[in-house]
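File shown: final_3.txt (compact mmCIF, C-alpha atoms).
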# COMPACT_ATOMS: atom_id res chain seq x y z
CA MET A 1 0.00 0.00 0.00
CA SER A 2 1.22 3.48 -0.83
CA ASP A 3 2.02 5.97 1.88
CA GLN A 4 1.54 8.88 -0.50
CA THR A 5 -1.61 10.00 1.29
CA ILE A 6 0.13 11.27 4.43
CA SER A 7 -2.09 13.92 5.99
CA HIS A 8 -1.96 17.24 4.20
CA TYR A 9 -2.10 18.86 7.60
CA GLU A 10 1.08 17.08 8.62
CA GLN A 11 2.85 17.86 5.37
CA GLY A 12 1.78 21.48 5.18
CA VAL A 13 1.09 21.18 1.45
CA THR A 14 -0.86 23.68 -0.58
CA GLU A 15 -4.42 23.03 -1.72
CA GLY A 16 -3.14 22.31 -5.24
CA ASP A 17 -0.78 19.68 -3.89
CA TYR A 18 -3.62 18.26 -1.85
CA ALA A 19 -5.75 17.75 -4.98
CA LEU A 20 -2.83 16.02 -6.71
CA GLU A 21 -2.11 13.90 -3.66
CA HIS A 22 -5.72 12.69 -3.65
CA ALA A 23 -5.64 11.89 -7.36
CA VAL A 24 -2.80 9.49 -6.53
CA ALA A 25 -4.62 8.20 -3.46
CA ASP A 26 -7.69 7.21 -5.49
CA LYS A 27 -5.63 4.42 -7.05
CA THR A 28 -4.68 3.26 -3.56
CA TYR A 29 -8.36 3.11 -2.60
CA VAL A 30 -9.15 0.97 -5.64
CA LEU A 31 -6.29 -1.39 -4.75
CA VAL A 32 -7.57 -1.67 -1.17
CA ALA A 33 -11.08 -2.42 -2.47
CA VAL A 34 -9.74 -5.15 -4.77
CA PHE A 35 -7.79 -6.60 -1.84
CA LEU A 36 -10.94 -6.58 0.33
CA ALA A 37 -12.95 -8.30 -2.41
CA VAL A 38 -10.27 -11.01 -2.72
CA MET A 39 -10.23 -11.47 1.06
CA THR A 40 -14.01 -11.84 1.09
CA GLY A 41 -13.78 -14.50 -1.61
CA LEU A 42 -11.13 -16.26 0.47
CA GLU A 43 -13.36 -16.10 3.55
CA VAL A 44 -16.24 -17.72 1.68
CA LEU A 45 -13.89 -20.40 0.37
CA VAL A 46 -12.57 -21.09 3.90
CA SER A 47 -16.14 -21.31 5.24
CA TYR A 48 -16.72 -24.36 3.01
CA THR A 49 -13.65 -26.18 4.32
CA LYS A 50 -14.79 -26.78 7.86
CA GLU A 51 -13.95 -30.50 7.82
CA ALA A 52 -10.54 -30.01 6.21
CA LEU A 53 -9.40 -27.22 8.54
CA GLY A 54 -10.87 -28.67 11.71
CA PRO A 55 -10.20 -26.48 14.76
CA PHE A 56 -8.36 -23.89 12.62
CA HIS A 57 -11.49 -23.13 10.60
CA ASP A 58 -12.94 -20.53 12.98
CA TRP A 59 -9.57 -18.93 13.68
CA ALA A 60 -8.77 -18.64 9.96
CA LEU A 61 -12.06 -16.80 9.45
CA ILE A 62 -11.42 -14.51 12.42
CA ILE A 63 -7.94 -13.63 11.17
CA LEU A 64 -9.29 -12.83 7.68
CA MET A 65 -12.06 -10.73 9.27
CA ALA A 66 -9.52 -8.81 11.38
CA ILE A 67 -7.36 -8.07 8.33
CA LYS A 68 -10.39 -6.70 6.44
CA PHE A 69 -11.52 -4.69 9.46
CA ILE A 70 -8.09 -3.09 9.94
CA CYS A 71 -7.74 -2.36 6.21
CA VAL A 72 -11.03 -0.44 6.10
CA CYS A 73 -10.16 1.47 9.29
CA LEU A 74 -6.65 2.40 8.18
CA TYR A 75 -7.28 3.28 4.54
CA PHE A 76 -10.96 4.10 3.98
CA MET A 77 -11.44 5.74 7.38
CA HIS A 78 -8.02 7.39 7.02
CA LEU A 79 -6.83 6.30 10.46
CA LYS A 80 -3.40 5.58 8.99
CA PHE A 81 -3.00 9.18 7.86
CA ASP A 82 -5.24 11.14 10.21
CA HIS A 83 -4.55 12.67 13.60
CA ALA A 84 -3.43 10.14 16.25
CA MET A 85 -6.24 11.34 18.54
CA CYS A 86 -8.87 9.84 16.17
CA LYS A 87 -7.09 6.49 16.28
CA ARG A 88 -6.91 6.58 20.09
CA VAL A 89 -10.59 7.45 20.52
CA PHE A 90 -11.84 4.75 18.15
CA PHE A 91 -9.57 1.95 19.29
CA PHE A 92 -10.30 2.81 22.92
CA GLY A 93 -14.04 2.33 22.29
CA LEU A 94 -13.38 -0.83 20.31
CA SER A 95 -11.07 -2.29 22.98
CA VAL A 96 -13.55 -1.52 25.76
CA ALA A 97 -16.31 -3.22 23.74
CA VAL A 98 -14.19 -6.32 23.07
CA LEU A 99 -13.08 -6.60 26.72
CA VAL A 100 -16.56 -6.00 28.17
CA TYR A 101 -18.33 -8.50 25.92
CA CYS A 102 -15.59 -11.14 26.06
CA GLY A 103 -15.85 -10.86 29.85
CA MET A 104 -19.62 -11.05 29.70
CA LEU A 105 -19.48 -14.18 27.50
CA GLY A 106 -16.94 -15.61 29.92
CA THR A 107 -19.34 -15.26 32.83
CA PHE A 108 -21.79 -17.43 30.87
CA GLN A 109 -18.98 -19.97 30.27
CA TYR A 110 -19.28 -19.38 26.54
CA TRP A 111 -15.57 -19.88 25.87
CA ALA A 112 -15.58 -23.32 27.45
CA SER A 113 -17.34 -24.63 24.33
CA GLY A 114 -15.38 -22.62 21.73
CA PHE A 115 -17.51 -20.61 19.29
CA ARG A 116 -20.56 -22.81 19.71
CA MET B 117 -19.29 23.11 9.41
CA SER B 118 -16.28 25.22 8.97
CA ASP B 119 -14.25 23.96 11.89
CA VAL B 120 -11.56 22.30 9.81
CA ALA B 121 -8.66 21.22 12.03
CA VAL B 122 -5.48 23.18 11.88
CA GLY B 123 -2.18 21.29 11.70
CA HIS B 124 1.51 22.00 11.80
CA ASP B 125 3.99 21.79 8.93
CA HIS B 126 7.52 20.34 9.17
CA HIS B 127 8.85 23.55 10.70
CA GLY B 128 6.31 23.32 13.51
CA GLU B 129 4.43 26.33 12.13
CA ILE B 130 0.67 26.36 12.02
CA HIS B 131 -0.70 25.38 8.64
CA ASP B 132 -4.30 26.34 8.00
CA PRO B 133 -5.68 24.79 4.79
CA TYR B 134 -8.59 27.23 4.72
CA PRO B 135 -7.51 30.54 6.30
CA GLY B 136 -10.25 32.32 8.17
CA LEU B 137 -12.44 29.24 8.38
CA SER B 138 -10.66 27.13 10.97
CA PRO B 139 -11.10 27.74 14.66
CA HIS B 140 -8.23 26.16 16.59
CA THR B 141 -9.16 23.11 18.67
CA SER B 142 -7.31 21.78 21.69
CA THR B 143 -7.13 18.27 20.20
CA GLY B 144 -5.98 19.32 16.73
CA VAL B 145 -9.06 17.60 15.29
CA SER B 146 -12.20 19.49 14.34
CA HIS B 147 -15.16 19.19 16.69
CA ALA B 148 -17.36 17.58 14.02
CA LYS B 149 -14.84 14.87 13.25
CA MET B 150 -14.01 14.23 16.89
CA GLY B 151 -17.73 14.03 17.68
CA MET B 152 -18.20 11.41 14.97
CA TRP B 153 -15.23 9.36 16.21
CA ILE B 154 -16.62 9.41 19.75
CA PHE B 155 -20.03 8.35 18.45
CA LEU B 156 -18.48 5.49 16.46
CA ALA B 157 -16.48 4.37 19.49
CA SER B 158 -19.70 4.24 21.54
CA ASP B 159 -21.50 2.44 18.70
CA CYS B 160 -18.89 -0.33 19.01
CA LEU B 161 -20.38 -1.05 22.43
CA LEU B 162 -23.91 -1.07 21.06
CA PHE B 163 -23.11 -3.53 18.27
CA GLY B 164 -20.95 -5.52 20.67
CA ALA B 165 -24.04 -6.09 22.82
CA PHE B 166 -26.04 -7.44 19.87
CA ILE B 167 -23.18 -9.62 18.59
CA SER B 168 -22.44 -11.13 21.99
CA ALA B 169 -26.17 -11.75 22.59
CA TYR B 170 -26.31 -13.58 19.25
CA LEU B 171 -23.25 -15.66 20.15
CA LEU B 172 -24.73 -16.53 23.52
CA TYR B 173 -28.13 -17.54 22.16
CA ASN B 174 -26.95 -19.32 19.04
CA GLY B 175 -27.31 -23.09 19.22
CA ARG B 176 -29.75 -22.89 22.13
CA ALA B 177 -32.91 -22.83 20.05
CA GLN B 178 -35.30 -25.55 21.19
CA GLN B 179 -37.37 -25.55 18.00
CA GLY B 180 -37.72 -24.06 14.53
CA PRO B 181 -35.18 -23.32 11.79
CA THR B 182 -31.49 -23.05 12.74
CA PRO B 183 -28.76 -21.06 10.93
CA GLU B 184 -27.90 -24.14 8.85
CA ASP B 185 -31.48 -24.25 7.56
CA VAL B 186 -31.96 -20.64 6.53
CA ILE B 187 -28.63 -18.91 5.88
CA ASN B 188 -27.73 -18.48 2.21
CA ILE B 189 -23.98 -17.90 1.95
CA PRO B 190 -23.69 -17.14 -1.81
CA PHE B 191 -26.46 -14.54 -1.59
CA THR B 192 -25.04 -12.83 1.52
CA SER B 193 -21.54 -12.89 0.03
CA THR B 194 -22.88 -10.87 -2.90
CA SER B 195 -24.49 -8.38 -0.49
CA THR B 196 -21.19 -8.14 1.38
CA PHE B 197 -19.34 -7.42 -1.85
CA VAL B 198 -21.87 -4.68 -2.68
CA LEU B 199 -21.38 -3.03 0.73
CA LEU B 200 -17.58 -3.23 0.42
CA MET B 201 -17.74 -1.55 -2.97
CA SER B 202 -19.95 1.16 -1.50
CA SER B 203 -17.09 1.96 0.86
CA LEU B 204 -14.84 2.44 -2.17
CA THR B 205 -17.33 4.80 -3.84
CA MET B 206 -17.74 6.69 -0.55
CA VAL B 207 -14.02 7.25 -0.16
CA LEU B 208 -13.89 8.42 -3.78
CA ALA B 209 -16.70 10.88 -2.95
CA VAL B 210 -14.63 12.21 -0.04
CA SER B 211 -11.64 12.53 -2.31
CA SER B 212 -13.72 14.42 -4.93
CA ALA B 213 -15.11 16.73 -2.22
CA HIS B 214 -11.59 17.63 -1.11
CA ARG B 215 -10.66 18.38 -4.70
CA GLY B 216 -13.77 20.49 -5.14
CA ASP B 217 -14.90 18.31 -8.05
CA GLN B 218 -18.67 18.67 -7.63
CA ARG B 219 -19.63 16.53 -10.63
CA ARG B 220 -17.69 13.48 -9.41
CA LEU B 221 -18.77 14.11 -5.83
CA ARG B 222 -22.43 13.80 -6.89
CA LEU B 223 -21.67 10.77 -9.06
CA TRP B 224 -19.98 8.91 -6.18
CA LEU B 225 -22.62 9.94 -3.65
CA VAL B 226 -25.40 8.62 -5.91
CA THR B 227 -23.45 5.41 -6.59
CA THR B 228 -22.87 4.87 -2.86
CA ALA B 229 -26.56 5.45 -2.11
CA ILE B 230 -27.58 2.99 -4.86
CA LEU B 231 -25.17 0.34 -3.56
CA GLY B 232 -26.44 0.90 -0.01
CA ALA B 233 -30.04 0.61 -1.21
CA SER B 234 -29.14 -2.63 -3.04
CA PHE B 235 -27.74 -4.01 0.20
CA ILE B 236 -30.96 -3.10 2.04
CA ALA B 237 -33.05 -4.62 -0.75
CA GLY B 238 -31.00 -7.80 -0.36
CA GLN B 239 -31.62 -7.77 3.37
CA VAL B 240 -35.38 -7.34 2.87
CA TYR B 241 -35.34 -10.26 0.42
CA GLU B 242 -33.34 -12.37 2.88
CA PHE B 243 -35.70 -11.60 5.78
CA THR B 244 -38.76 -12.32 3.63
CA THR B 245 -37.32 -15.65 2.51
CA MET B 246 -36.50 -16.60 6.10
CA VAL B 247 -40.01 -15.75 7.29
CA HIS B 248 -41.43 -17.93 4.48
CA GLU B 249 -39.14 -20.73 5.67
CA GLY B 250 -40.67 -20.46 9.12
CA LEU B 251 -38.19 -18.25 10.99
CA GLY B 252 -40.12 -15.33 12.47
CA TYR B 253 -38.84 -12.81 15.01
CA THR B 254 -40.39 -14.75 17.88
CA THR B 255 -40.05 -18.29 16.48
CA ASN B 256 -36.98 -19.07 18.56
CA ILE B 257 -34.04 -17.47 20.30
CA PHE B 258 -31.91 -17.66 17.13
CA GLY B 259 -34.53 -15.73 15.14
CA SER B 260 -34.81 -13.00 17.77
CA SER B 261 -31.08 -12.43 18.10
CA PHE B 262 -30.44 -12.75 14.34
CA TYR B 263 -33.14 -10.27 13.30
CA SER B 264 -32.19 -7.83 16.08
CA LEU B 265 -28.52 -7.79 15.09
CA THR B 266 -28.87 -7.68 11.29
CA GLY B 267 -31.95 -5.46 11.45
CA PHE B 268 -30.17 -2.96 13.67
CA HIS B 269 -27.32 -2.88 11.18
CA GLY B 270 -29.84 -2.40 8.37
CA VAL B 271 -31.25 0.64 10.20
CA HIS B 272 -27.74 2.09 10.33
CA VAL B 273 -27.33 1.57 6.57
CA THR B 274 -30.72 3.20 5.93
CA ILE B 275 -29.75 6.25 8.01
CA GLY B 276 -26.49 6.37 6.03
CA ILE B 277 -28.41 6.40 2.74
CA MET B 278 -30.54 9.29 3.99
CA LEU B 279 -27.41 11.23 4.97
CA LEU B 280 -25.94 10.59 1.52
CA LEU B 281 -29.09 11.93 -0.14
CA ILE B 282 -29.02 15.02 2.10
CA MET B 283 -25.41 15.63 1.04
CA LEU B 284 -26.40 15.17 -2.60
CA GLY B 285 -29.10 17.82 -2.15
CA MET B 286 -26.57 20.14 -0.47
CA SER B 287 -24.15 19.65 -3.34
CA LEU B 288 -26.85 20.37 -5.94
CA ARG B 289 -27.67 23.62 -4.13
CA GLY B 290 -24.00 24.59 -4.02
CA ARG B 291 -23.76 24.18 -0.26
CA LEU B 292 -20.89 21.70 -0.32
CA PRO B 293 -17.94 23.72 -1.60
CA LYS B 294 -14.38 22.51 -1.23
CA GLN B 295 -14.13 24.36 2.11
CA LYS B 296 -16.89 22.17 3.52
CA ALA B 297 -15.44 18.87 2.32
CA GLU B 298 -15.18 17.80 5.92
CA VAL B 299 -18.95 17.30 6.01
CA VAL B 300 -18.57 14.56 3.40
CA GLU B 301 -15.58 13.14 5.27
CA VAL B 302 -17.50 12.90 8.56
CA ILE B 303 -20.51 11.20 6.94
CA GLY B 304 -18.01 8.97 5.13
CA LEU B 305 -16.64 7.84 8.49
CA TYR B 306 -20.14 6.75 9.51
CA TRP B 307 -20.57 4.85 6.24
CA HIS B 308 -17.26 3.03 6.59
CA PHE B 309 -18.10 2.13 10.17
CA VAL B 310 -21.31 0.49 8.96
CA ASP B 311 -19.12 -1.45 6.55
CA VAL B 312 -16.65 -2.63 9.22
CA VAL B 313 -19.51 -3.73 11.45
CA TRP B 314 -20.87 -5.80 8.57
CA ILE B 315 -17.42 -7.37 8.09
CA VAL B 316 -17.72 -8.69 11.66
CA ILE B 317 -21.38 -9.75 11.32
CA PHE B 318 -20.73 -11.55 8.03
CA THR B 319 -17.94 -13.64 9.55
CA VAL B 320 -19.45 -14.28 12.99
CA VAL B 321 -23.09 -14.83 12.02
CA TYR B 322 -22.94 -16.16 8.49
CA LEU B 323 -19.61 -17.92 7.98
CA ILE B 324 -18.66 -19.32 11.38
CA HIS B 325 -22.17 -20.29 12.42
CA LYS B 326 -23.58 -21.55 9.17

Is it possible to give me this structure as structure tokens?
Amino acid sequence: MSDQTISHYEQGVTEGDYALEHAVADKTYVLVAVFLAVMTGLEVLVSYTKEALGPFHDWALIILMAIKFICVCLYFMHLKFDHAMCKRVFFFGLSVAVLVYCGMLGTFQYWASGFR
Amino acid sequence: MSDVAVGHDHHGEIHDPYPGLSPHTSTGVSHAKMGMWIFLASDCLLFGAFISAYLLYNGRAQQGPTPEDVINIPFTSTSTFVLLMSSLTMVLAVSSAHRGDQRRLRLWLVTTAILGASFIAGQVYEFTTMVHEGLGYTTNIFGSSFYSLTGFHGVHVTIGIMLLLIMLGMSLRGRLPKQKAEVVEVIGLYWHFVDVVWIVIFTVVYLIHK
């Protein structure tokens, strides 16, 4: 992935440069979208190989999901290029949600039986 | 919304992309954008509640159709692809707004709204099919948690489509000049969030539990 879309605020570029920078970035967005489409195809493929992958099936899907999630956050939501404060706020909320609900599922002994 | 954030260039000097329009903020991020990020962070908790409730209830249904009986992976995969592509068109709309290219901005906003509407149409079709197959909202615990989670997401997409149409109207009336590109960016953040939530739902509800 290209790093050409570094925040125009950080670079102190002119508006003209900003327009040019985004013309380049559009290609990056298309590449990310193609990557996400391929990953989705891969996910669907993996979902049909439950018997072959055994216990790794669910984890393979979760890893693919996490990669897609991070890609959208970093590139489409501009977290990779935007102010660090935005990243902190969002990932704080996300982390709290994950911890709270993993804990809640734990109290119901959900994890004892895997994802079922 | 003229509170575009002000940043610093490599010499540490203040760089204001739109002089006279940008009030300084203590965080370095405009209030509108920060407000949206805080909302999205809190929405993580809301969706987390629905997802964890689904996980907890799944497999505990005493009667009626189960996920294996009603979930149609090829159909939902197509819907997922449509929503992913809507994120691409949304980010292209944001890019056009920053460039001040009104024609492309409108084109990408309309395309995003159409893709979003196609996703919702797919969801309506899916729900209708499931009801015909015997899975109503109160049929069993799987139905209740499934419809609550996916329906709540569908409501988010519908609100997103309405916001896109409002922005289209603003653009047609000349109220979305380059200086107000941040409006499109902030709504874009909401749209992409709806997409990332679907990425999780698609894997957890449809692929792992099919």

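Closest approach to Gly304 of chain B from the set A:Phe90, A:Trp111, A:Phe81, A:Phe76 is made by A:Phe76, with distances taken over all atoms listed in the file.
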
Exercise. Using all atoms listed in the file, which residues sit within 7 Å of segment 313-325 of chain B once same-chain residues fewer than 5 positions away are excluded, as number ranges by chain?
Worked result: A: 47, 58, 61, 65, 69; B: 183, 187, 189

Would you output that residue set with C-alpha atoms, as a PDB file, keeping the file's coordinate frame?
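Written file, out_27.pdb:
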ATOM      1  CA  SER A  47     -16.140 -21.310   5.240  1.00  0.00           C
ATOM      2  CA  ASP A  58     -12.940 -20.530  12.980  1.00  0.00           C
ATOM      3  CA  LEU A  61     -12.060 -16.800   9.450  1.00  0.00           C
ATOM      4  CA  MET A  65     -12.060 -10.730   9.270  1.00  0.00           C
ATOM      5  CA  PHE A  69     -11.520  -4.690   9.460  1.00  0.00           C
TER       6      PHE A  69
ATOM      7  CA  PRO B 183     -28.760 -21.060  10.930  1.00  0.00           C
ATOM      8  CA  ILE B 187     -28.630 -18.910   5.880  1.00  0.00           C
ATOM      9  CA  ILE B 189     -23.980 -17.900   1.950  1.00  0.00           C
TER      10      ILE B 189
END

Problem set entry | Residue neighbourhood Phe262 of chain B, 9 Å, all atoms listed in the file, exclusion window fewer than 6 positions, as a PyMOL selection string | chain B and resi 166-167+170+174+253+321

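In terms of minimum interatomic distance to Gly252 of chain B, B:Thr182 ranks closest within B:Thr182, B:Ser203, B:Gln218, B:Ser234, counting all atoms listed in the file.
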
For this session: Considering all atoms listed in the file, return as a PyMOL selection string whatever protein or nucleic-acid residues lie within 9 Å of Thr40 of chain A, sequence-local ones (same chain, fewer than 5 positions apart) excluded.
Result: (chain A and resi 35+45+64-65+68) or (chain B and resi 193+196-197+315)

Exercise. Which is closer to Tyr29 of chain A than all the others in B:Ala157, B:Met201, B:Ala213, B:Val186, using all atoms listed in the file?
Worked result: B:Met201

Problem set entry | Distance of atom CA of Met85 of chain A from atom CA of Ala209 of chain B, expressed in Å to one decimal place | 23.9 Å

For this session: Find the residues around segment 236-243 of chain B up to 12 Å (only C-alpha atoms counted), leave out those fewer than 5 positions away in its own chain, and share them as a PyMOL selection string.
Result: chain B and resi 186-199+229-231+248-253+259+262-264+266-277

For this session: Tell me, in Å to one decimal, how far atom CA of Ser146 of chain B is from atom CA of Arg88 of chain A.
Result: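 Computing it gives 15.1 Å between the two atoms.
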
Scan for residues within 12 Å of the point (-13.4, -14.6, 23.8) in the coordinates of the file, using all atoms listed in the file, and reply as a compact mmCIF listing (two decimals) with C-alpha atoms, in the coordinates of the input.
# COMPACT_ATOMS: atom_id res chain seq x y z
CA TRP A 59 -9.57 -18.93 13.68
CA ILE A 62 -11.42 -14.51 12.42
CA ALA A 97 -16.31 -3.22 23.74
CA VAL A 98 -14.19 -6.32 23.07
CA LEU A 99 -13.08 -6.60 26.72
CA VAL A 100 -16.56 -6.00 28.17
CA TYR A 101 -18.33 -8.50 25.92
CA CYS A 102 -15.59 -11.14 26.06
CA GLY A 103 -15.85 -10.86 29.85
CA MET A 104 -19.62 -11.05 29.70
CA LEU A 105 -19.48 -14.18 27.50
CA GLY A 106 -16.94 -15.61 29.92
CA THR A 107 -19.34 -15.26 32.83
CA PHE A 108 -21.79 -17.43 30.87
CA GLN A 109 -18.98 -19.97 30.27
CA TYR A 110 -19.28 -19.38 26.54
CA TRP A 111 -15.57 -19.88 25.87
CA ALA A 112 -15.58 -23.32 27.45
CA SER A 113 -17.34 -24.63 24.33
CA GLY A 114 -15.38 -22.62 21.73
CA PHE A 115 -17.51 -20.61 19.29
CA ARG A 116 -20.56 -22.81 19.71
CA SER B 168 -22.44 -11.13 21.99
CA LEU B 171 -23.25 -15.66 20.15
CA LEU B 172 -24.73 -16.53 23.52

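Distances here use all atoms listed in the file; by that measure, the residue among B:Leu279, B:Arg215, B:Asp185, B:Gly180 closest to chain A is B:Arg215.
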